[in-house]
file start-v8.cif (mmCIF, C-alpha atoms and all ligand atoms)
data_structure
loop_
_atom_site.label_atom_id
_atom_site.label_comp_id
_atom_site.auth_asym_id
_atom_site.auth_seq_id
_atom_site.Cartn_x
_atom_site.Cartn_y
_atom_site.Cartn_z
CA MET A 27 -20.95 -132.50 126.13
CA LEU A 28 -24.27 -134.03 125.06
CA VAL A 29 -24.07 -136.34 122.05
CA PHE A 30 -27.28 -137.57 120.46
CA ALA A 31 -27.10 -140.77 118.41
CA ALA A 32 -29.96 -140.80 115.92
CA SER A 33 -30.95 -142.71 112.79
CA ASP A 34 -34.00 -142.83 110.58
CA LYS A 35 -34.01 -146.56 110.02
CA GLY A 36 -33.51 -149.32 112.58
CA GLY A 37 -30.52 -151.63 112.39
CA THR A 38 -28.16 -148.90 111.18
CA GLY A 39 -25.36 -149.60 113.67
CA ARG A 40 -26.40 -146.66 115.87
CA SER A 41 -26.25 -148.46 119.23
CA VAL A 42 -23.20 -150.62 118.60
CA THR A 43 -21.15 -147.80 117.08
CA SER A 44 -22.13 -145.23 119.70
CA ALA A 45 -21.46 -147.71 122.55
CA ASN A 46 -17.99 -148.31 121.08
CA ILE A 47 -17.41 -144.56 120.84
CA ALA A 48 -18.40 -144.26 124.53
CA PHE A 49 -15.98 -147.09 125.37
CA ARG A 50 -13.11 -145.49 123.42
CA ARG A 51 -13.67 -142.10 125.11
CA ALA A 52 -13.69 -143.76 128.53
CA LEU A 53 -10.45 -145.59 127.68
CA SER A 54 -8.85 -142.25 126.85
CA GLY A 55 -9.74 -140.93 130.30
CA ASP A 56 -13.14 -139.25 129.92
CA ASP A 57 -15.97 -139.95 132.33
CA VAL A 58 -18.74 -141.19 130.05
CA ALA A 59 -22.45 -141.83 130.57
CA TYR A 60 -24.47 -143.79 128.00
CA LEU A 61 -28.23 -143.22 128.15
CA ASP A 62 -30.68 -145.64 126.55
CA PHE A 63 -33.37 -143.41 125.02
CA ASP A 64 -34.47 -146.15 122.60
CA PHE A 65 -37.73 -146.29 124.50
CA GLY A 66 -39.43 -148.90 122.30
CA SER A 67 -36.54 -151.36 122.53
CA PRO A 68 -34.17 -150.67 125.45
CA THR A 69 -31.54 -153.34 124.76
CA SER A 70 -28.26 -151.42 125.00
CA GLY A 71 -27.26 -153.48 128.07
CA THR A 72 -26.61 -156.27 125.56
CA VAL A 73 -23.82 -154.35 123.82
CA PHE A 74 -22.09 -153.76 127.18
CA ASP A 75 -22.74 -157.40 128.27
CA ILE A 76 -24.60 -156.41 131.44
CA PRO A 77 -26.36 -159.58 132.62
CA GLY A 78 -29.17 -157.88 134.61
CA SER A 79 -30.18 -155.43 131.91
CA LEU A 80 -30.01 -157.11 128.53
CA ARG A 81 -33.51 -155.76 127.84
CA GLY A 82 -33.48 -152.94 130.40
CA VAL A 83 -33.79 -153.07 134.18
CA GLU A 84 -36.67 -154.38 136.27
CA HIS A 85 -37.35 -151.08 138.09
CA GLY A 86 -36.16 -147.51 137.97
CA GLY A 87 -34.83 -147.25 134.44
CA MET A 88 -35.12 -144.32 132.08
CA HIS A 89 -38.86 -144.84 131.47
CA SER A 90 -39.56 -144.74 135.23
CA TYR A 91 -37.48 -141.61 135.67
CA LEU A 92 -38.95 -139.64 132.76
CA GLN A 93 -42.50 -140.67 133.71
CA GLY A 94 -41.94 -139.53 137.29
CA ARG A 95 -41.99 -142.88 139.12
CA VAL A 96 -38.45 -142.49 140.54
CA SER A 97 -36.40 -139.38 141.28
CA GLU A 98 -33.12 -140.77 139.86
CA PRO A 99 -32.70 -143.29 137.07
CA ASP A 100 -30.83 -146.50 137.72
CA ARG A 101 -27.12 -146.59 136.86
CA VAL A 102 -24.88 -149.48 135.89
CA ASP A 103 -21.11 -149.25 136.30
CA VAL A 104 -20.01 -151.06 133.16
CA TRP A 105 -16.46 -151.84 134.37
CA ALA A 106 -17.87 -153.50 137.50
CA GLU A 107 -20.93 -155.23 136.12
CA THR A 108 -20.06 -156.41 132.63
CA GLU A 109 -19.87 -160.14 132.06
CA ARG A 110 -17.00 -159.80 129.60
CA ASP A 111 -13.71 -160.63 131.27
CA ALA A 112 -11.76 -158.34 128.94
CA LEU A 113 -13.75 -155.35 130.26
CA ARG A 114 -14.04 -156.45 133.86
CA PHE A 115 -11.57 -154.02 135.41
CA ARG A 116 -11.24 -150.37 134.65
CA PRO A 117 -7.88 -150.04 132.86
CA PRO A 118 -5.37 -147.58 134.38
CA GLY A 119 -6.11 -144.06 133.23
CA ALA A 120 -9.62 -144.89 132.03
CA GLY A 121 -12.60 -142.82 133.13
CA GLN A 122 -16.01 -143.91 134.34
CA LEU A 123 -18.25 -145.80 131.93
CA VAL A 124 -21.82 -145.76 133.20
CA LEU A 125 -24.95 -147.07 131.48
CA LEU A 126 -28.38 -145.61 132.28
CA PRO A 127 -30.68 -148.34 130.93
CA GLY A 128 -34.36 -148.23 130.07
CA ASP A 129 -37.08 -150.22 131.86
CA ARG A 130 -37.66 -153.83 130.91
CA GLY A 131 -40.96 -153.94 129.03
CA GLY A 132 -41.00 -150.16 128.69
CA GLY A 133 -42.38 -148.84 125.41
CA GLU A 134 -42.61 -145.59 123.47
CA PHE A 135 -44.56 -142.80 125.19
CA ALA A 136 -45.80 -139.37 124.12
CA VAL A 137 -43.83 -136.45 125.51
CA ASN A 138 -45.32 -133.92 127.93
CA ARG A 139 -43.95 -130.80 129.60
CA GLU A 140 -43.11 -132.57 132.84
CA MET A 141 -40.96 -135.09 130.96
CA VAL A 142 -39.10 -132.32 129.18
CA ARG A 143 -38.36 -130.76 132.57
CA ARG A 144 -37.09 -134.08 133.98
CA CYS A 145 -34.97 -134.66 130.90
CA THR A 146 -33.49 -131.14 131.13
CA ASP A 147 -32.73 -131.65 134.85
CA LEU A 148 -31.08 -134.99 134.16
CA PHE A 149 -28.84 -133.57 131.40
CA LEU A 150 -27.83 -130.69 133.70
CA ARG A 151 -26.94 -133.04 136.56
CA LEU A 152 -25.03 -135.47 134.34
CA GLU A 153 -23.15 -132.65 132.64
CA GLU A 154 -21.62 -131.73 136.00
CA GLU A 155 -20.42 -135.27 136.54
CA PHE A 156 -19.44 -136.55 133.09
CA ASP A 157 -17.30 -135.29 130.21
CA VAL A 158 -19.37 -137.01 127.52
CA ILE A 159 -23.04 -138.00 127.75
CA LEU A 160 -24.08 -140.18 124.84
CA ILE A 161 -27.82 -140.59 124.27
CA ASP A 162 -29.01 -143.43 122.03
CA LEU A 163 -32.36 -142.26 120.57
CA SER A 164 -35.24 -144.35 119.18
CA ALA A 165 -35.06 -144.55 115.39
CA GLY A 166 -37.01 -142.25 113.10
CA ARG A 167 -38.97 -139.12 113.91
CA SER A 168 -39.50 -140.47 117.39
CA TYR A 169 -40.75 -139.13 120.70
CA ALA A 170 -37.16 -139.49 121.94
CA VAL A 171 -35.95 -137.06 119.24
CA GLU A 172 -38.78 -134.65 120.09
CA LEU A 173 -37.97 -134.90 123.81
CA VAL A 174 -34.28 -134.05 123.49
CA LEU A 175 -34.94 -131.27 120.96
CA ALA A 176 -37.38 -129.75 123.45
CA ALA A 177 -34.95 -130.18 126.37
CA THR A 178 -31.98 -128.67 124.51
CA SER A 179 -34.06 -125.64 123.45
CA LYS A 180 -34.36 -124.65 127.14
CA PRO A 181 -32.19 -121.72 128.29
CA GLU A 182 -30.80 -123.83 131.17
CA LEU A 183 -28.94 -126.00 128.64
CA SER A 184 -27.79 -123.19 126.35
CA GLY A 185 -24.22 -123.22 127.72
CA ILE A 186 -23.72 -126.95 127.04
CA THR A 187 -22.11 -128.24 123.83
CA VAL A 188 -24.58 -130.43 121.92
CA ARG A 189 -23.61 -132.66 118.99
CA TRP A 190 -25.72 -134.97 116.85
CA LEU A 191 -24.52 -138.12 115.11
CA VAL A 192 -26.90 -139.46 112.46
CA PHE A 193 -26.11 -143.06 111.57
CA HIS A 194 -26.84 -144.76 108.29
CA ARG A 195 -25.74 -147.81 106.37
CA TRP A 196 -24.12 -147.59 102.98
CA THR A 197 -27.17 -148.19 100.79
CA ARG A 198 -29.49 -145.96 98.77
CA GLN A 199 -32.46 -146.41 101.11
CA HIS A 200 -30.37 -145.63 104.18
CA ILE A 201 -28.79 -142.54 102.63
CA ALA A 202 -32.17 -141.19 101.51
CA ALA A 203 -33.70 -141.94 104.92
CA ALA A 204 -30.89 -140.23 106.87
CA ALA A 205 -31.20 -137.13 104.68
CA GLY A 206 -34.96 -137.13 105.32
CA LEU A 207 -34.51 -137.39 109.08
CA VAL A 208 -32.32 -134.29 109.14
CA PHE A 209 -33.52 -132.10 106.27
CA GLY A 210 -37.02 -133.43 105.48
CA ASP A 211 -40.50 -132.40 106.61
CA ARG A 212 -40.83 -132.85 110.38
CA GLY A 213 -37.17 -133.81 110.44
CA ILE A 214 -34.67 -132.74 113.10
CA LEU A 215 -34.16 -129.24 111.63
CA ASP A 216 -37.88 -128.65 111.07
CA ALA A 217 -38.86 -129.92 114.51
CA GLY A 218 -35.97 -128.06 116.14
CA LEU A 219 -37.01 -124.76 114.56
CA ALA A 220 -40.57 -125.23 115.77
CA LEU A 221 -39.22 -125.73 119.30
CA GLY A 222 -37.16 -122.55 119.24
CA HIS A 223 -33.73 -123.75 118.03
CA GLN A 224 -31.69 -121.52 115.72
CA GLU A 225 -31.51 -123.21 112.32
CA GLU A 226 -27.81 -122.59 111.64
CA GLY A 227 -26.64 -123.61 115.11
CA LEU A 228 -28.65 -126.82 114.97
CA ARG A 229 -27.52 -127.63 111.41
CA ASP A 230 -23.88 -127.13 112.34
CA SER A 231 -24.23 -129.49 115.31
CA ILE A 232 -25.17 -132.45 113.05
CA ARG A 233 -22.77 -134.89 111.37
CA PHE A 234 -23.40 -138.23 109.68
CA VAL A 235 -21.72 -141.56 110.41
CA ARG A 236 -21.60 -144.34 107.82
CA ALA A 237 -21.72 -147.73 109.53
CA ALA A 238 -20.94 -151.25 108.32
CA VAL A 239 -19.51 -149.99 105.02
CA PRO A 240 -18.04 -152.70 102.74
CA ASP A 241 -14.69 -151.75 101.22
CA PRO A 242 -14.42 -152.94 97.60
CA ASP A 243 -10.62 -153.10 98.05
CA SER A 244 -10.67 -155.17 101.27
CA PRO A 245 -8.92 -158.59 101.36
CA GLU A 246 -12.35 -160.22 102.00
CA LEU A 247 -13.41 -159.13 98.50
CA ALA A 248 -10.10 -159.95 96.81
CA HIS A 249 -11.46 -163.28 95.51
CA VAL A 250 -14.46 -161.85 93.65
CA ARG A 251 -14.61 -162.04 89.86
CA PRO A 252 -13.29 -158.97 87.96
CA ALA A 253 -16.82 -158.14 86.80
CA GLN A 254 -18.06 -158.20 90.38
CA ALA A 255 -15.16 -156.04 91.60
CA ALA A 256 -15.84 -153.45 88.88
CA TRP A 257 -19.56 -153.47 89.74
CA LEU A 258 -18.87 -153.00 93.48
CA ARG A 259 -16.57 -150.06 92.77
CA LYS A 260 -19.19 -148.48 90.54
CA CYS A 261 -21.86 -148.94 93.26
CA ASP A 262 -19.57 -147.40 95.84
CA GLN A 263 -18.98 -144.36 93.61
CA ASP A 264 -22.73 -144.03 92.86
CA LEU A 265 -23.44 -144.05 96.61
CA LYS A 266 -20.81 -141.37 97.19
CA ASP A 267 -22.42 -139.20 94.50
CA PHE A 268 -25.91 -139.85 95.88
CA ALA A 269 -24.80 -138.97 99.42
CA ALA A 270 -23.14 -135.73 98.27
CA GLU A 271 -26.28 -134.77 96.30
CA LEU A 272 -28.40 -135.20 99.45
CA LYS A 273 -25.97 -133.15 101.59
CA LEU A 274 -24.43 -136.18 103.31
CA GLY A 275 -21.07 -135.85 101.56
CA ARG A 276 -17.58 -136.20 103.05
CA SER A 277 -17.60 -132.77 104.68
CA LYS A 278 -20.77 -133.63 106.60
CA THR A 279 -19.56 -137.12 107.55
CA LEU A 280 -17.70 -137.50 110.83
CA GLY A 281 -16.50 -141.02 110.14
CA VAL A 282 -16.91 -144.32 108.33
CA VAL A 283 -16.91 -147.67 110.16
CA PRO A 284 -16.05 -150.63 107.94
CA LEU A 285 -18.12 -153.79 107.79
CA GLU A 286 -16.77 -155.83 110.73
CA PRO A 287 -17.33 -159.61 110.79
CA VAL A 288 -17.39 -159.70 114.63
CA LEU A 289 -20.24 -157.17 114.72
CA GLN A 290 -22.19 -159.09 112.10
CA TRP A 291 -22.30 -161.96 114.57
CA ARG A 292 -22.35 -160.27 117.94
CA GLU A 293 -23.21 -156.76 119.16
CA GLN A 294 -20.32 -155.89 121.46
CA LEU A 295 -17.55 -153.52 122.42
CA ILE A 296 -14.47 -154.19 120.30
CA THR A 297 -11.45 -154.33 122.60
CA ASP A 298 -7.80 -154.05 121.59
CA ASP A 299 -7.49 -157.72 122.62
CA ASP A 300 -10.08 -158.63 119.98
CA VAL A 301 -7.57 -157.36 117.43
CA LEU A 302 -4.19 -158.11 119.01
CA ALA A 303 -4.70 -161.24 121.15
CA SER A 304 -7.60 -163.34 119.83
CA ARG A 305 -7.35 -161.57 116.44
CA VAL A 306 -11.06 -162.00 115.75
CA ALA A 307 -11.65 -158.35 114.85
CA ASN A 308 -10.04 -156.19 112.17
CA ILE A 309 -7.58 -153.45 113.10
CA GLU A 310 -9.34 -151.11 110.62
CA THR A 311 -12.49 -151.31 112.75
CA VAL A 312 -10.68 -150.23 115.91
CA ARG A 313 -8.94 -147.46 113.98
CA ALA A 314 -12.27 -146.20 112.65
CA LEU A 315 -13.94 -146.30 116.10
CA THR A 316 -10.98 -144.56 117.75
CA ALA A 317 -10.96 -141.90 115.04
CA LEU A 318 -14.68 -141.30 115.55
CA ALA A 319 -14.19 -140.96 119.31
CA ASP A 320 -11.41 -138.41 118.65
CA GLU A 321 -13.40 -136.48 116.06
CA LEU A 322 -16.29 -136.10 118.46
CA THR A 323 -14.39 -133.54 120.51
CA ARG A 324 -12.19 -132.07 117.78
CA ASP A 325 -13.73 -128.62 117.37
CA LYS A 326 -12.28 -128.22 113.88
CA SER A 327 -14.49 -131.08 112.66
CA TRP A 328 -17.55 -129.20 113.92
CA GLU A 329 -16.91 -125.81 112.38
CA ALA A 330 -19.72 -124.30 110.32
CA LEU A 331 -19.76 -125.62 106.74
N1 LIG A 401 -19.47 -152.01 111.48
C1 LIG A 401 -20.31 -153.04 111.49
N2 LIG A 401 -20.07 -154.14 110.76
C2 LIG A 401 -20.92 -155.19 110.74
N3 LIG A 401 -22.05 -155.23 111.45
C3 LIG A 401 -22.36 -154.16 112.21
C4 LIG A 401 -21.51 -153.00 112.27
N4 LIG A 401 -22.08 -152.11 113.11
C5 LIG A 401 -23.22 -152.67 113.57
N5 LIG A 401 -23.38 -153.90 113.04
C6 LIG A 401 -24.46 -154.85 113.33
O1 LIG A 401 -25.66 -154.39 112.73
C7 LIG A 401 -26.78 -154.70 113.55
C8 LIG A 401 -27.53 -153.44 113.88
O2 LIG A 401 -26.69 -152.61 114.65
P1 LIG A 401 -27.27 -151.79 115.90
O3 LIG A 401 -28.08 -152.65 116.78
O4 LIG A 401 -26.15 -151.02 116.49
O5 LIG A 401 -28.22 -150.79 115.08
P2 LIG A 401 -29.32 -149.79 115.62
O6 LIG A 401 -29.39 -148.72 114.57
O7 LIG A 401 -29.05 -149.39 117.00
O8 LIG A 401 -30.63 -150.69 115.52
P3 LIG A 401 -32.03 -150.54 116.30
O9 LIG A 401 -32.79 -149.48 115.58
O10 LIG A 401 -32.62 -151.89 116.17
O11 LIG A 401 -31.73 -150.13 117.71
C9 LIG A 401 -26.20 -155.38 114.79
O12 LIG A 401 -26.29 -156.76 114.65
C10 LIG A 401 -24.76 -154.92 114.82
O13 LIG A 401 -23.89 -155.78 115.50
MG MG A 402 -30.12 -149.75 118.75
#
call {"tool": "encode", "arguments": {"input": "start-v8.cif", "output": "structure tokens"}}
result
Amino acid sequence: MLVFAASDKGGTGRSVTSANIAFRRALSGDDVAYLDFDFGSPTSGTVFDIPGSLRGVEHGGMHSYLQGRVSEPDRVDVWAETERDALRFRPPGAGQLVLLPGDRGGGEFAVNREMVRRCTDLFLRLEEEFDVILIDLSAGRSYAVELVLAATSKPELSGITVRWLVFHRWTRQHIAAAAGLVFGDRGILDAGLALGHQEEGLRDSIRFVRAAVPDPDSPELAHVRPAQAAWLRKCDQDLKDFAAELKLGRSKTLGVVPLEPVLQWREQLITDDDVLASRVANIETVRALTALADELTRDKSWEAL
């Protein structure tokens, strides 16, 4: 399965949430590959705590592969190479967790036919080896989005399940922007149609994910004044109405990740130890991330709406 992680704005929680989904799927036994297609800012090594590729690798990353400088992109075995002790050994029953980083200093680049072919070949090869391939795309109507829409329109990939996760924060600007990225001019649906995708099939393969959502009823907000609590609840309801109006309502939302203090301070994988042993992270966050990882492959959640 190919899973594209997209967002219109930057800083939505796209990389951190999708890396945690990859981690949770690997823990449950899937072989998972995580591809850094954020070409302008290839920093996903940071979330996995990979010392040599915090900002991408020196040679042979995703930029080098797609631009034809190497025949295979570099791979990092996260269990073996992470600096975080809690992740250092692959737990019993866990699958592979492999990061394909970008190139250090690599930037955005315009897409050509040769790149689409290389991207298609890579997806085909990885699909044989991995259960889930998660691709973190540059924000906005980016070349990365164009590239994967072009690759997945090719007949060679027609037998592969493709799912899109569009991340947004819980604010008016983020909701409007996410709707624009999917349904707006030159958005994913528009661009996909122009590249030969079927509109319905593509629309049904897209779900939204709300990240870093404050809960007005959480213990952290228990101390606020009654007027503030009432205002927060009203805001939350207005955002729900706004999202539904723009076709990002509950039925189109795959999951909601609560605002997590650990992630406000540090982009990282949230382990069970972070909740049970050191108790720095909230159990609700792990529950939400695990639920998202489950929903990803639950066909019922992806039926036509
Ligand atoms: N659930 C959460 N609670 C609190 N903070 C979060 C949560 N999810 C992500 N964050 C934080 O928000 C910031 C942005 O997240 P992240 O880097 O994943 O977003 P992004 O959409 O990939 O951004 P970019 O476009 O810059 O790549 C990070 O500091 C991250 O740790
Ligand atoms: Mg990111």
call {"tool": "residues_near_ligand", "arguments": {"input": "start-v8.cif", "ligand": "ligand LIG 401 (chain A)", "cutoff": "7 Å", "atoms": "all atoms listed in the file", "output": "PyMOL selection string"}}
result
chain A and resi 33+35-43+64+67+164-165+237-239+283-294
call {"tool": "atom_distance", "arguments": {"input": "start-v8.cif", "atom1": "atom CA of Glu329 of chain A", "atom2": "atom CA of Val235 of chain A"}}
result
16.6 Å
call {"tool": "residues_around", "arguments": {"input": "start-v8.cif", "residues": "segment 74-81 of chain A", "least_positions_apart": "4", "cutoff": "6 Å", "atoms": "only C-alpha atoms", "output": "count of residues only"}}
result
5
call {"tool": "atom_distance", "arguments": {"input": "start-v8.cif", "atom1": "atom CA of Leu265 of chain A", "atom2": "atom CA of Pro252 of chain A"}}
result
20.0 Å
call {"tool": "residues_around", "arguments": {"input": "start-v8.cif", "residues": "His89 of chain A", "least_positions_apart": "2", "cutoff": "12 Å", "atoms": "all atoms listed in the file", "output": "ChimeraX atom specification"}}
result
/A:61-68,82-87,91-100,126-137,141,144-145,170
call {"tool": "axis_aligned_box", "arguments": {"input": "start-v8.cif", "around": "segment 195-205 of chain A", "padding_each_side": "4 Å", "output": "JSON"}}
result
{"center_x": -28.9, "center_y": -142.7, "center_z": 102.8, "size_x": 17.6, "size_y": 19.1, "size_z": 16.1}
call {"tool": "closest_residue", "arguments": {"input": "start-v8.cif", "among": "A:Trp328, A:Phe115, A:Phe156, A:Phe268", "to": "Gly227 of chain A", "atoms": "all atoms listed in the file"}}
result
A:Trp328
call {"tool": "closest_residue", "arguments": {"input": "start-v8.cif", "among": "A:Arg189, A:Ile161, A:Val312, A:Val301", "to": "ligand MG 402 (chain A)", "atoms": "only C-alpha atoms and all ligand atoms"}}
result
A:Ile161
call {"tool": "atom_distance", "arguments": {"input": "start-v8.cif", "atom1": "atom CA of Pro118 of chain A", "atom2": "atom CA of Glu154 of chain A"}}
result
22.8 Å
call {"tool": "residues_around", "arguments": {"input": "start-v8.cif", "residues": "Leu331 of chain A", "least_positions_apart": "2", "cutoff": "12 Å", "atoms": "all atoms listed in the file", "output": "number ranges by chain"}}
result
A: 226-227, 229-233, 273, 275-279, 326-329
call {"tool": "write_last_selection", "arguments": {"input": "start-v8.cif", "atoms": "C-alpha atoms", "output": "JSON list (two decimals), in the frame of the given file"}}
result
[["chain", "number", "residue", "atom", "x", "y", "z"],
["A", 226, "GLU", "CA", -27.81, -122.59, 111.64],
["A", 227, "GLY", "CA", -26.64, -123.61, 115.11],
["A", 229, "ARG", "CA", -27.52, -127.63, 111.41],
["A", 230, "ASP", "CA", -23.88, -127.13, 112.34],
["A", 231, "SER", "CA", -24.23, -129.49, 115.31],
["A", 232, "ILE", "CA", -25.17, -132.45, 113.05],
["A", 233, "ARG", "CA", -22.77, -134.89, 111.37],
["A", 273, "LYS", "CA", -25.97, -133.15, 101.59],
["A", 275, "GLY", "CA", -21.07, -135.85, 101.56],
["A", 276, "ARG", "CA", -17.58, -136.20, 103.05],
["A", 277, "SER", "CA", -17.60, -132.77, 104.68],
["A", 278, "LYS", "CA", -20.77, -133.63, 106.60],
["A", 279, "THR", "CA", -19.56, -137.12, 107.55],
["A", 326, "LYS", "CA", -12.28, -128.22, 113.88],
["A", 327, "SER", "CA", -14.49, -131.08, 112.66],
["A", 328, "TRP", "CA", -17.55, -129.20, 113.92],
["A", 329, "GLU", "CA", -16.91, -125.81, 112.38]]
call {"tool": "closest_residue", "arguments": {"input": "start-v8.cif", "among": "A:Ala330, A:Met27, A:Ala45, A:Val282", "to": "ligand MG 402 (chain A)", "atoms": "all atoms listed in the file"}}
result
A:Ala45
call {"tool": "residues_around", "arguments": {"input": "start-v8.cif", "residues": "Thr178 of chain A", "least_positions_apart": "3", "cutoff": "12 Å", "atoms": "all atoms listed in the file", "output": "PyMOL selection string"}}
result
chain A and resi 27-30+142-143+145-150+171-175+181-190+218-219+221-224+227-228
call {"tool": "residues_around", "arguments": {"input": "start-v8.cif", "residues": "segment 315-322 of chain A", "least_positions_apart": "3", "cutoff": "6 Å", "atoms": "all atoms listed in the file", "output": "ChimeraX atom specification"}}
result
/A:47,51,281,312
call {"tool": "closest_residue", "arguments": {"input": "start-v8.cif", "among": "A:Ala248, A:Val158, A:Leu53, A:Leu152", "to": "Thr323 of chain A", "atoms": "only C-alpha atoms"}}
result
A:Val158
call {"tool": "closest_residue", "arguments": {"input": "start-v8.cif", "among": "A:Ala106, A:Trp196, A:Ile309, A:Asp162", "to": "ligand MG 402 (chain A)", "atoms": "all atoms listed in the file"}}
result
A:Asp162
call {"tool": "closest_residue", "arguments": {"input": "start-v8.cif", "among": "A:Ile201, A:Leu295, A:Ile159, A:Ala176", "to": "Gly71 of chain A", "atoms": "all atoms listed in the file"}}
result
A:Leu295
call {"tool": "decode", "arguments": {"input": "start-v8.cif", "residues": "segment 106-119 of chain A", "atoms": "N, CA and C atoms", "output": "compact mmCIF listing (two decimals), in the first residue's frame"}}
result
# COMPACT_ATOMS: atom_id res chain seq x y z
N ALA A 106 18.21 -0.12 13.70
CA ALA A 106 19.66 -0.28 13.91
C ALA A 106 20.37 1.05 14.09
N GLU A 107 19.84 2.11 13.46
CA GLU A 107 20.64 3.34 13.40
C GLU A 107 20.12 4.50 14.25
N THR A 108 18.96 4.32 14.86
CA THR A 108 18.45 5.42 15.66
C THR A 108 19.33 5.64 16.90
N GLU A 109 19.36 6.90 17.33
CA GLU A 109 20.13 7.22 18.53
C GLU A 109 19.31 7.03 19.80
N ARG A 110 18.03 6.82 19.64
CA ARG A 110 17.16 6.70 20.83
C ARG A 110 17.21 5.29 21.37
N ASP A 111 17.64 5.16 22.61
CA ASP A 111 17.80 3.84 23.21
C ASP A 111 16.50 3.04 23.18
N ALA A 112 15.38 3.73 23.42
CA ALA A 112 14.09 3.03 23.50
C ALA A 112 13.70 2.38 22.17
N LEU A 113 14.35 2.82 21.08
CA LEU A 113 13.99 2.27 19.76
C LEU A 113 15.08 1.36 19.22
N ARG A 114 16.16 1.24 19.96
CA ARG A 114 17.41 0.69 19.44
C ARG A 114 17.30 -0.73 18.90
N PHE A 115 16.45 -1.55 19.49
CA PHE A 115 16.34 -2.93 19.02
C PHE A 115 14.93 -3.19 18.55
N ARG A 116 14.86 -3.90 17.44
CA ARG A 116 13.54 -4.21 16.89
C ARG A 116 12.78 -5.09 17.87
N PRO A 117 11.63 -4.65 18.38
CA PRO A 117 10.91 -5.46 19.37
C PRO A 117 10.42 -6.76 18.72
N PRO A 118 10.25 -7.83 19.54
CA PRO A 118 9.79 -9.10 18.97
C PRO A 118 8.46 -8.90 18.24
N GLY A 119 8.38 -9.48 17.07
CA GLY A 119 7.13 -9.38 16.30
C GLY A 119 7.03 -8.14 15.43
